[in-house]
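Chemist: Provided below: coords38.cif, containing mmCIF, C-alpha atoms.
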```cif
data_input
loop_
_atom_site.label_atom_id
_atom_site.label_comp_id
_atom_site.auth_asym_id
_atom_site.auth_seq_id
_atom_site.Cartn_x
_atom_site.Cartn_y
_atom_site.Cartn_z
CA MET R 186 115.26 47.90 131.44
CA ASP R 187 115.76 45.08 128.92
CA GLY R 188 118.26 44.98 126.02
CA VAL R 189 115.87 46.31 123.37
CA GLU R 190 114.76 49.25 125.54
CA ARG R 191 118.38 50.12 126.43
CA LYS R 192 119.32 50.08 122.71
CA MET R 193 116.38 52.36 121.86
CA VAL R 194 117.35 54.89 124.56
CA THR R 195 121.02 54.81 123.39
CA ASN R 196 119.91 55.42 119.78
CA GLU R 197 117.65 58.30 120.91
CA ARG R 198 120.59 59.90 122.75
CA LYS R 199 122.88 59.49 119.72
CA VAL R 200 120.27 61.12 117.46
CA SER R 201 119.76 63.95 119.94
CA ARG R 202 123.54 64.54 120.12
CA LEU R 203 123.82 64.59 116.29
CA ASP R 204 120.91 67.06 116.19
CA MET R 205 122.71 69.33 118.69
CA VAL R 206 126.04 69.09 116.79
CA LEU R 207 124.34 70.02 113.50
CA ARG R 208 122.57 72.97 115.16
CA VAL R 209 125.81 74.28 116.74
CA LEU R 210 127.52 73.85 113.35
CA ALA R 211 124.72 75.80 111.63
CA LEU R 212 124.94 78.52 114.29
CA VAL R 213 128.72 78.94 113.87
CA LEU R 214 128.64 78.77 110.05
CA THR R 215 125.82 81.33 109.66
CA LEU R 216 127.54 83.60 112.21
CA VAL R 217 130.78 83.39 110.20
CA ALA R 218 128.89 84.00 106.93
CA ALA R 219 127.06 87.06 108.32
CA ILE R 220 130.16 88.58 109.97
CA VAL R 221 132.57 87.94 107.08
CA LEU R 222 130.20 89.58 104.56
CA GLY R 223 128.85 92.20 107.00
CA MET R 224 132.37 93.49 107.71
CA ASP R 225 133.50 93.23 104.09
CA LYS R 226 134.91 96.46 102.73
CA GLN R 227 137.81 97.24 100.39
CA THR R 228 139.08 100.61 99.20
CA LYS R 229 141.35 100.91 96.19
CA VAL R 230 142.94 103.89 94.49
CA VAL R 231 141.92 103.67 90.85
CA PRO R 232 143.25 105.91 88.04
CA ILE R 233 140.27 107.53 86.30
CA LYS R 234 140.49 109.57 83.09
CA LEU R 235 138.21 112.60 83.40
CA LEU R 236 139.31 114.22 80.13
CA ALA R 237 141.16 112.61 77.23
CA SER R 238 143.68 115.45 77.08
CA LEU R 239 144.55 115.25 80.83
CA PRO R 240 146.50 112.52 82.68
CA PRO R 241 144.35 110.13 84.79
CA VAL R 242 143.38 111.22 88.31
CA ASN R 243 143.84 108.78 91.21
CA VAL R 244 140.48 108.37 92.96
CA PRO R 245 139.84 106.12 96.03
CA VAL R 246 136.95 103.74 95.24
CA SER R 247 135.28 101.52 97.84
CA ALA R 248 133.49 98.18 97.56
CA ARG R 249 131.01 97.58 100.41
CA TRP R 250 128.60 94.74 101.05
CA HIS R 251 125.53 96.99 101.37
CA TYR R 252 125.94 98.37 97.83
CA LEU R 253 124.14 95.28 96.56
CA SER R 254 120.68 94.12 97.67
CA ALA R 255 121.68 90.46 97.20
CA PHE R 256 124.49 90.87 99.74
CA LYS R 257 122.16 92.69 102.19
CA TYR R 258 119.72 89.78 101.84
CA HIS R 259 122.58 87.30 102.41
CA VAL R 260 123.69 89.02 105.64
CA VAL R 261 120.10 89.34 106.96
CA THR R 262 119.13 85.71 106.20
CA ASN R 263 122.32 84.37 107.80
CA ALA R 264 121.70 86.53 110.89
CA ILE R 265 118.11 85.21 111.10
CA ALA R 266 119.30 81.58 110.68
CA CYS R 267 122.00 82.13 113.33
CA ALA R 268 119.50 83.54 115.83
CA TYR R 269 117.05 80.73 115.08
CA ALA R 270 119.78 78.05 115.53
CA ALA R 271 120.51 79.52 118.99
CA VAL R 272 116.82 79.64 119.99
CA SER R 273 116.12 76.11 118.72
CA LEU R 274 119.15 74.79 120.64
CA LEU R 275 117.82 76.40 123.81
CA LEU R 276 114.33 74.98 123.18
CA LEU R 277 115.73 71.48 122.69
CA VAL R 278 117.88 71.67 125.84
CA VAL R 279 114.85 72.84 127.89
CA ALA R 280 112.66 70.08 126.35
CA ARG R 281 115.36 67.46 127.09
CA ASN R 282 115.58 68.52 130.74
CA LYS R 283 111.80 68.40 131.04
CA GLY R 284 111.90 64.81 129.85
CA GLY R 285 110.70 65.03 126.23
CA LYS R 286 109.47 67.15 123.35
CA SER R 287 105.79 67.75 122.68
CA GLY R 288 104.36 67.13 119.22
CA VAL R 289 103.82 70.87 118.67
CA VAL R 290 107.50 71.67 119.45
CA VAL R 291 108.74 68.86 117.15
CA MET R 292 106.52 70.05 114.29
CA MET R 293 107.42 73.73 114.82
CA ILE R 294 111.14 72.92 114.76
CA ILE R 295 110.84 70.82 111.57
CA VAL R 296 108.91 73.57 109.74
CA LEU R 297 111.32 76.30 110.93
CA ASP R 298 114.37 74.16 109.98
CA LEU R 299 112.75 73.77 106.57
CA ALA R 300 112.20 77.55 106.38
CA MET R 301 115.94 78.00 107.08
CA VAL R 302 116.75 75.63 104.19
CA ALA R 303 114.60 77.80 101.90
CA LEU R 304 115.99 81.11 103.23
CA LEU R 305 119.66 80.11 103.14
CA PHE R 306 119.53 78.43 99.72
CA SER R 307 117.76 81.46 98.22
CA SER R 308 120.31 83.88 99.69
CA ASN R 309 123.21 81.66 98.56
CA GLY R 310 121.72 81.61 95.07
CA ALA R 311 121.35 85.41 95.07
CA ALA R 312 124.85 86.14 96.39
CA GLY R 313 126.36 83.44 94.16
CA ALA R 314 124.73 84.83 91.00
CA ILE R 315 126.08 88.33 91.74
CA GLY R 316 129.48 86.85 92.69
CA ILE R 317 129.78 85.08 89.31
CA ILE R 318 129.11 88.35 87.45
CA GLY R 319 131.62 90.07 89.76
CA TYR R 320 134.31 87.51 88.90
CA GLN R 321 133.57 87.05 85.18
CA GLY R 322 131.51 90.06 84.10
CA ASN R 323 128.92 89.75 81.33
CA SER R 324 129.80 91.01 77.88
CA HIS R 325 126.19 90.81 76.58
CA LEU R 326 124.92 93.20 79.26
CA GLN R 327 128.16 95.17 79.43
CA TRP R 328 128.39 94.50 83.16
CA ASN R 329 132.13 94.58 83.80
CA LYS R 330 133.86 92.26 86.26
CA VAL R 331 134.97 93.98 89.44
CA CYS R 332 136.90 91.21 91.19
CA ASN R 333 140.06 91.99 89.22
CA VAL R 334 140.12 95.30 91.18
CA PHE R 335 138.45 94.24 94.46
CA GLY R 336 140.01 90.78 94.79
CA LYS R 337 140.02 90.62 98.59
CA PHE R 338 136.40 91.82 98.77
CA CYS R 339 135.30 89.07 96.36
CA ASP R 340 137.31 86.39 98.18
CA ARG R 341 135.51 87.26 101.42
CA VAL R 342 132.14 87.09 99.61
CA ALA R 343 133.12 83.59 98.42
CA VAL R 344 134.06 82.54 101.99
CA SER R 345 130.71 83.84 103.26
CA ILE R 346 128.77 81.94 100.56
CA VAL R 347 130.62 78.65 101.18
CA SER R 348 130.09 78.98 104.95
CA SER R 349 126.39 79.70 104.48
CA LEU R 350 126.08 76.79 102.02
CA PHE R 351 127.38 74.34 104.63
CA ALA R 352 124.94 75.83 107.17
CA ALA R 353 122.11 75.29 104.66
CA LEU R 354 123.23 71.66 104.27
CA ALA R 355 123.20 71.28 108.08
CA PHE R 356 119.54 72.41 108.16
CA PHE R 357 118.84 70.09 105.19
CA LEU R 358 120.23 67.15 107.20
CA LEU R 359 118.29 68.23 110.31
CA VAL R 360 114.98 68.05 108.38
CA SER R 361 115.94 64.71 106.77
CA PHE R 362 116.97 63.14 110.09
CA ALA R 363 113.79 64.42 111.80
CA ALA R 364 111.67 62.77 109.06
CA LEU R 365 113.67 59.53 109.35
CA ARG R 366 113.23 59.57 113.13
CA LEU R 367 109.45 60.04 112.81
CA LEU R 368 109.27 57.29 110.18
CA LYS R 369 111.15 54.85 112.40
CA LYS R 370 109.14 55.54 115.55
CA PRO R 371 107.46 52.31 116.71
CA ASN R 372 103.89 51.69 115.54
CA MET W 127 85.11 48.65 109.77
CA ASP W 128 84.22 50.77 112.84
CA GLY W 129 83.76 54.58 112.93
CA VAL W 130 87.32 55.38 114.00
CA GLU W 131 88.88 53.20 111.27
CA ARG W 132 86.57 54.70 108.64
CA LYS W 133 87.54 58.23 109.74
CA MET W 134 91.27 57.36 109.55
CA VAL W 135 90.91 55.94 106.03
CA THR W 136 88.94 59.06 104.94
CA ASN W 137 91.66 61.33 106.39
CA GLU W 138 94.40 59.27 104.65
CA ARG W 139 92.55 59.67 101.32
CA LYS W 140 92.13 63.43 101.86
CA VAL W 141 95.86 63.78 102.63
CA SER W 142 96.78 61.67 99.63
CA ARG W 143 94.55 63.82 97.38
CA LEU W 144 96.11 67.04 98.74
CA ASP W 145 99.57 65.53 98.12
CA MET W 146 98.60 64.75 94.50
CA VAL W 147 97.11 68.23 93.95
CA LEU W 148 100.29 69.91 95.27
CA ARG W 149 102.48 67.69 93.08
CA VAL W 150 100.42 68.43 89.95
CA LEU W 151 100.57 72.14 90.85
CA ALA W 152 104.37 71.95 91.26
CA LEU W 153 104.64 70.10 87.93
CA VAL W 154 102.60 72.73 86.05
CA LEU W 155 104.29 75.71 87.72
CA THR W 156 107.85 74.48 87.12
CA LEU W 157 106.93 73.60 83.52
CA VAL W 158 105.58 77.13 83.01
CA ALA W 159 108.69 78.64 84.67
CA ALA W 160 111.10 76.60 82.51
CA ILE W 161 109.21 77.22 79.25
CA VAL W 162 108.58 80.95 79.81
CA LEU W 163 112.26 81.63 80.57
CA GLY W 164 113.61 79.00 78.13
CA MET W 165 111.73 80.62 75.21
CA ASP W 166 112.47 84.16 76.34
CA LYS W 167 114.11 86.28 73.65
CA GLN W 168 113.74 89.90 72.64
CA THR W 169 115.45 91.81 69.82
CA LYS W 170 115.52 95.60 69.75
CA VAL W 171 117.03 98.07 67.31
CA VAL W 172 119.25 100.36 69.38
CA PRO W 173 120.99 103.49 68.05
CA ILE W 174 124.73 103.19 68.81
CA LYS W 175 127.26 105.99 68.31
CA LEU W 176 130.44 104.51 66.81
CA LEU W 177 132.19 107.87 66.25
CA ALA W 178 131.35 111.22 67.82
CA SER W 179 131.45 112.95 64.44
CA LEU W 180 129.03 110.49 62.78
CA PRO W 181 125.27 110.06 63.38
CA PRO W 182 124.30 106.95 65.46
CA VAL W 183 123.96 103.62 63.66
CA ASN W 184 120.86 101.46 64.28
CA VAL W 185 122.03 98.03 65.46
CA PRO W 186 119.70 95.11 66.33
CA VAL W 187 120.55 93.88 69.86
CA SER W 188 119.12 90.68 71.38
CA ALA W 189 118.44 89.63 74.96
CA ARG W 190 118.41 85.85 75.45
CA TRP W 191 117.98 83.72 78.55
CA HIS W 192 121.22 81.76 78.01
CA TYR W 193 123.39 84.88 78.14
CA LEU W 194 123.30 84.66 81.95
CA SER W 195 124.37 81.63 83.98
CA ALA W 196 121.73 82.42 86.65
CA PHE W 197 118.97 82.09 84.02
CA LYS W 198 120.49 78.85 82.66
CA TYR W 199 120.49 77.50 86.23
CA HIS W 200 116.86 78.63 86.68
CA VAL W 201 115.70 76.81 83.53
CA VAL W 202 117.65 73.63 84.38
CA THR W 203 116.46 73.45 88.02
CA ASN W 204 112.83 74.02 87.01
CA ALA W 205 113.13 71.31 84.33
CA ILE W 206 114.60 68.91 86.94
CA ALA W 207 111.83 69.76 89.46
CA CYS W 208 109.18 69.30 86.76
CA ALA W 209 110.54 65.87 85.77
CA TYR W 210 110.81 64.86 89.43
CA ALA W 211 107.21 65.98 90.13
CA ALA W 212 106.02 63.74 87.28
CA VAL W 213 108.09 60.73 88.44
CA SER W 214 107.01 61.13 92.08
CA LEU W 215 103.35 61.35 91.00
CA LEU W 216 103.75 58.10 89.06
CA LEU W 217 105.50 56.45 92.02
CA LEU W 218 102.68 57.47 94.38
CA VAL W 219 99.95 56.26 92.00
CA VAL W 220 101.71 52.88 91.63
CA ALA W 221 102.21 52.62 95.42
CA ARG W 222 98.51 53.50 95.99
CA ASN W 223 97.36 50.78 93.60
CA LYS W 224 99.67 48.27 95.28
CA GLY W 225 97.97 49.06 98.59
CA GLY W 226 100.51 51.24 100.39
CA LYS W 227 103.90 52.92 100.42
CA SER W 228 107.01 51.30 101.87
CA GLY W 229 109.15 53.20 104.39
CA VAL W 230 111.98 53.52 101.85
CA VAL W 231 109.68 55.14 99.26
CA VAL W 232 108.23 57.57 101.86
CA MET W 233 111.71 58.60 103.04
CA MET W 234 113.07 58.91 99.48
CA ILE W 235 110.15 61.14 98.46
CA ILE W 236 110.54 63.39 101.54
CA VAL W 237 114.30 63.86 100.94
CA LEU W 238 113.81 64.49 97.20
CA ASP W 239 110.94 66.95 97.89
CA LEU W 240 113.33 68.70 100.29
CA ALA W 241 116.05 68.73 97.60
CA MET W 242 113.54 70.43 95.27
CA VAL W 243 112.89 73.10 97.95
CA ALA W 244 116.66 73.76 98.10
CA LEU W 245 117.13 73.70 94.29
CA LEU W 246 114.15 75.92 93.47
CA PHE W 247 114.78 78.48 96.22
CA SER W 248 118.45 78.78 95.19
CA SER W 249 117.55 79.26 91.53
CA ASN W 250 114.83 81.79 92.42
CA GLY W 251 117.37 83.68 94.52
CA ALA W 252 119.88 83.66 91.66
CA ALA W 253 117.42 84.74 88.96
CA GLY W 254 115.82 87.29 91.32
CA ALA W 255 119.17 88.91 92.19
CA ILE W 256 120.04 89.31 88.50
CA GLY W 257 116.50 90.50 87.76
CA ILE W 258 116.77 93.29 90.36
CA ILE W 259 120.03 94.55 88.80
CA GLY W 260 118.36 94.29 85.37
CA TYR W 261 115.44 96.46 86.53
CA GLN W 262 117.33 98.95 88.70
CA GLY W 263 121.00 98.75 87.67
CA ASN W 264 123.78 99.39 90.19
CA SER W 265 125.54 102.75 90.14
CA HIS W 266 128.38 101.61 92.44
CA LEU W 267 129.43 98.84 90.07
CA GLN W 268 128.39 100.75 86.94
CA TRP W 269 126.15 97.88 85.90
CA ASN W 270 123.43 99.62 83.89
CA LYS W 271 119.79 98.56 83.99
CA VAL W 272 118.65 96.76 80.86
CA CYS W 273 114.91 96.38 81.51
CA ASN W 274 114.19 99.90 80.22
CA VAL W 275 115.24 98.56 76.78
CA PHE W 276 114.23 94.89 77.07
CA GLY W 277 110.97 95.36 79.01
CA LYS W 278 109.13 92.32 77.62
CA PHE W 279 112.15 90.08 78.24
CA CYS W 280 112.32 91.20 81.89
CA ASP W 281 108.56 90.80 82.40
CA ARG W 282 108.80 87.19 81.24
CA VAL W 283 111.72 86.60 83.61
CA ALA W 284 109.53 87.95 86.43
CA VAL W 285 106.64 85.61 85.43
CA SER W 286 109.06 82.65 85.42
CA ILE W 287 110.41 83.54 88.88
CA VAL W 288 106.93 83.98 90.42
CA SER W 289 105.75 80.68 88.91
CA SER W 290 108.85 78.87 90.20
CA LEU W 291 108.44 80.48 93.64
CA PHE W 292 104.92 79.05 93.97
CA ALA W 293 106.25 75.64 92.89
CA ALA W 294 108.95 75.92 95.59
CA LEU W 295 106.20 76.70 98.13
CA ALA W 296 104.26 73.62 96.95
CA PHE W 297 107.32 71.41 97.67
CA PHE W 298 107.73 73.23 101.02
CA LEU W 299 104.13 72.30 101.93
CA LEU W 300 104.65 68.71 100.72
CA VAL W 301 107.60 68.25 103.12
CA SER W 302 105.69 69.94 105.99
CA PHE W 303 102.56 67.81 105.48
CA ALA W 304 104.66 64.63 105.22
CA ALA W 305 106.32 65.45 108.57
CA LEU W 306 102.92 66.23 110.12
CA ARG W 307 101.51 62.94 108.79
CA LEU W 308 104.43 60.97 110.27
CA LEU W 309 104.11 62.82 113.59
CA LYS W 310 100.40 62.01 113.80
CA LYS W 311 100.74 58.33 112.91
CA PRO W 312 99.38 56.21 115.79
CA ASN W 313 101.91 55.03 118.39
#
```
Represent the structure contained in this file as structure tokens.
Modeler:
Amino acid sequence: MDGVERKMVTNERKVSRLDMVLRVLALVLTLVAAIVLGMDKQTKVVPIKLLASLPPVNVPVSARWHYLSAFKYHVVTNAIACAYAAVSLLLLVVARNKGGKSGVVVMMIIVLDLAMVALLFSSNGAAGAIGIIGYQGNSHLQWNKVCNVFGKFCDRVAVSIVSSLFAALAFFLLVSFAALRLLKKPN
Amino acid sequence: MDGVERKMVTNERKVSRLDMVLRVLALVLTLVAAIVLGMDKQTKVVPIKLLASLPPVNVPVSARWHYLSAFKYHVVTNAIACAYAAVSLLLLVVARNKGGKSGVVVMMIIVLDLAMVALLFSSNGAAGAIGIIGYQGNSHLQWNKVCNVFGKFCDRVAVSIVSSLFAALAFFLLVSFAALRLLKKPN
């Protein structure tokens, strides 16, 4: 093996390791995002006035993730991305042990990585838009903010969104690096 | 030029034409999405009860796109994607006339196409999540639906989201085809 060949093999290994690291990162981040939001629940005792002439009654009110379709979508997409990250890792390990990836596998992984970019960014957008209204409310629509009451619930939503956003960026980098790798392959 | 070379050049032209068609489609669809939502405004006269003892007063109430940050984000991202589609079309036409694209231009276009996938899907998610609450409301959060009053406004939001979703799919296909093209380039 001459110097040029050795350098090419070393580069290929480095790229493959970076690919694996990004996939493991995406797996962990989407798992965290799905679990943090999927287990999110907060109950608060809120004084509610039923009649103007009576003193307010203390009523326990709960905030749960499945009350909002955007949060359901966020949990489901992160679970899908997490499962896919695990399967793609397995596929790559098997392909590596067999001595190389076929063109079909490479293409399938690029397109599915790209689908994860689309899925995760759309769910982050959806959960983020609802989160902003939750924190700030909207006076024009008379949608009141709820995070002043359910602070912990909202903080966990924010953690889930940030985690999922980094996972989306990991898939973004995976697609970019795959394209760069294909572009640089020798003619 | 032998048969194989002629076939390769014909395929390259077909791919290039498909690339152009998808870019023009993305340009038109994002332009429609930005304009439809950016010009969206509806004013309705709504009877509002100020005092229980008095009859309701008719007050004109307006729905505008810039009342919601998700809609502002949707208009801005679609405007960015539209401008980028135009610039990338120009770049490709110039590169075609100069006889070919450099590796840097190819890579830059793939990464920017991918960024448009991320941008457009996130803004569609954001606008879609708000749209669903607008149509259905949310009883848990006491966010009332508004589309029963501002029906036309909501319909235009829906048109803008669908148009932008197809543009996002066009960028998705552009990235996929670019990867496929690189994968199939002769070794």
Chemist: Since I can't run it myself right now, could you work out what the PyMOL selection byres ((chain R) within 9 of (chain W)) selects here and report it as a PyMOL selection string?
Modeler: chain R and resi 247-248+252-255+288+291-292+295-296+299-300+302-315+317-318+323-331+353+357+360-361+363-365+367-372
Chemist: Have a look at atom CA of Lys229 of chain R and atom CA of Gly316 of chain R and let me know their distance in Å, one decimal.
Modeler: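 We find that atom CA of Lys229 of chain R and atom CA of Gly316 of chain R lie 18.7 Å from each other.
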Chemist: Mind listing whatever residues come within 12 Å of the point (135.3, 86.8, 102.4)? Use all atoms listed in the file, file coordinates, and give them as number ranges by chain.
Modeler: R: 217-227, 249-250, 256, 316, 335-349
Chemist: Kindly save the residues from that selection, with C-alpha atoms included, as a CSV table (one decimal), in the coordinates of the input.
Modeler:
```
chain,number,residue,atom,x,y,z
R,217,VAL,CA,130.8,83.4,110.2
R,218,ALA,CA,128.9,84.0,106.9
R,219,ALA,CA,127.1,87.1,108.3
R,220,ILE,CA,130.2,88.6,110.0
R,221,VAL,CA,132.6,87.9,107.1
R,222,LEU,CA,130.2,89.6,104.6
R,223,GLY,CA,128.8,92.2,107.0
R,224,MET,CA,132.4,93.5,107.7
R,225,ASP,CA,133.5,93.2,104.1
R,226,LYS,CA,134.9,96.5,102.7
R,227,GLN,CA,137.8,97.2,100.4
R,249,ARG,CA,131.0,97.6,100.4
R,250,TRP,CA,128.6,94.7,101.0
R,256,PHE,CA,124.5,90.9,99.7
R,316,GLY,CA,129.5,86.8,92.7
R,335,PHE,CA,138.4,94.2,94.5
R,336,GLY,CA,140.0,90.8,94.8
R,337,LYS,CA,140.0,90.6,98.6
R,338,PHE,CA,136.4,91.8,98.8
R,339,CYS,CA,135.3,89.1,96.4
R,340,ASP,CA,137.3,86.4,98.2
R,341,ARG,CA,135.5,87.3,101.4
R,342,VAL,CA,132.1,87.1,99.6
R,343,ALA,CA,133.1,83.6,98.4
R,344,VAL,CA,134.1,82.5,102.0
R,345,SER,CA,130.7,83.8,103.3
R,346,ILE,CA,128.8,81.9,100.6
R,347,VAL,CA,130.6,78.6,101.2
R,348,SER,CA,130.1,79.0,105.0
R,349,SER,CA,126.4,79.7,104.5
```
Chemist: Need the axis-aligned box for segment 197-208 of chain W with 8 Å each side, so what are the centre and edges in Å to one decimal, as JSON?
Modeler:
```
{"center_x": 114.8, "center_y": 75.5, "center_z": 86.1, "size_x": 27.3, "size_y": 29.2, "size_z": 22.8}
```
Chemist: Any idea what the distance is between atom CA of Ile206 of chain W and atom CA of Asp298 of chain R?
Modeler: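 Value for the atom CA of Ile206 of chain W-atom CA of Asp298 of chain R distance: 23.6 Å.
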Chemist: For the atom pair atom CA of Tyr269 of chain R and atom CA of Val209 of chain R, what is the interatomic distance in Å to one decimal place?
Modeler: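 Distance between the two atoms: 11.0 Å.
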Chemist: For the structure provided, state which residues fall under the PyMOL selection byres ((chain W and resi 148) around 10), and present them as a list in words.
Modeler: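 After applying the PyMOL selection byres ((chain W and resi 148) around 10), what remains is Ser142, Arg143, Leu144, Asp145, Met146, Val147, Arg149, Val150, Leu151, Ala152, Leu153, Val154, Ala211, Ala293, Leu295, Ala296, Phe297, Phe298, Leu299 and Leu300 of chain W.
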Chemist: Is it possible to add N, CA and C atoms to segment 214-237 of chain R and hand it back as a short mmCIF file (atom, residue, chain, number, x, y, z; two decimals), in the frame of the given file?
Modeler:
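Below is the file that was written, selection31.cif:
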```
data_model
loop_
_atom_site.label_atom_id
_atom_site.label_comp_id
_atom_site.auth_asym_id
_atom_site.auth_seq_id
_atom_site.Cartn_x
_atom_site.Cartn_y
_atom_site.Cartn_z
N LEU R 214 128.44 78.49 111.49
CA LEU R 214 128.64 78.77 110.05
C LEU R 214 127.85 80.00 109.59
N THR R 215 126.61 80.15 110.07
CA THR R 215 125.82 81.33 109.66
C THR R 215 126.39 82.59 110.30
N LEU R 216 126.92 82.45 111.54
CA LEU R 216 127.54 83.60 112.21
C LEU R 216 128.77 84.06 111.40
N VAL R 217 129.60 83.07 111.01
CA VAL R 217 130.78 83.39 110.20
C VAL R 217 130.36 84.06 108.89
N ALA R 218 129.34 83.47 108.23
CA ALA R 218 128.89 84.00 106.93
C ALA R 218 128.41 85.44 107.08
N ALA R 219 127.61 85.71 108.13
CA ALA R 219 127.06 87.06 108.32
C ALA R 219 128.16 88.06 108.67
N ILE R 220 129.09 87.65 109.55
CA ILE R 220 130.16 88.58 109.97
C ILE R 220 131.14 88.84 108.84
N VAL R 221 131.58 87.77 108.16
CA VAL R 221 132.57 87.94 107.08
C VAL R 221 132.03 88.88 106.00
N LEU R 222 130.75 88.69 105.60
CA LEU R 222 130.20 89.58 104.56
C LEU R 222 129.82 90.94 105.14
N GLY R 223 129.28 90.95 106.37
CA GLY R 223 128.85 92.20 107.00
C GLY R 223 130.00 93.15 107.32
N MET R 224 131.22 92.62 107.43
CA MET R 224 132.37 93.49 107.71
C MET R 224 133.21 93.69 106.45
N ASP R 225 132.71 93.19 105.33
CA ASP R 225 133.50 93.23 104.09
C ASP R 225 133.53 94.63 103.50
N LYS R 226 134.74 95.12 103.28
CA LYS R 226 134.91 96.46 102.73
C LYS R 226 136.32 96.52 102.14
N GLN R 227 136.46 97.07 100.96
CA GLN R 227 137.81 97.24 100.39
C GLN R 227 137.86 98.56 99.64
N THR R 228 138.90 99.34 99.90
CA THR R 228 139.08 100.61 99.20
C THR R 228 140.34 100.51 98.34
N LYS R 229 140.21 100.94 97.11
CA LYS R 229 141.35 100.91 96.19
C LYS R 229 141.48 102.27 95.51
N VAL R 230 142.73 102.66 95.24
CA VAL R 230 142.94 103.89 94.49
C VAL R 230 143.00 103.52 93.01
N VAL R 231 142.05 104.05 92.27
CA VAL R 231 141.92 103.67 90.85
C VAL R 231 142.18 104.90 89.98
N PRO R 232 143.05 104.77 88.95
CA PRO R 232 143.25 105.91 88.04
C PRO R 232 142.06 106.08 87.11
N ILE R 233 141.45 107.27 87.14
CA ILE R 233 140.27 107.53 86.30
C ILE R 233 140.56 108.70 85.38
N LYS R 234 140.28 108.52 84.08
CA LYS R 234 140.49 109.57 83.09
C LYS R 234 139.24 110.44 83.03
N LEU R 235 139.36 111.70 83.45
CA LEU R 235 138.21 112.60 83.40
C LEU R 235 138.11 113.27 82.03
N LEU R 236 139.26 113.63 81.48
CA LEU R 236 139.31 114.22 80.13
C LEU R 236 140.41 113.54 79.35
N ALA R 237 140.19 113.32 78.06
CA ALA R 237 141.16 112.61 77.23
C ALA R 237 142.49 113.34 77.16
#
```
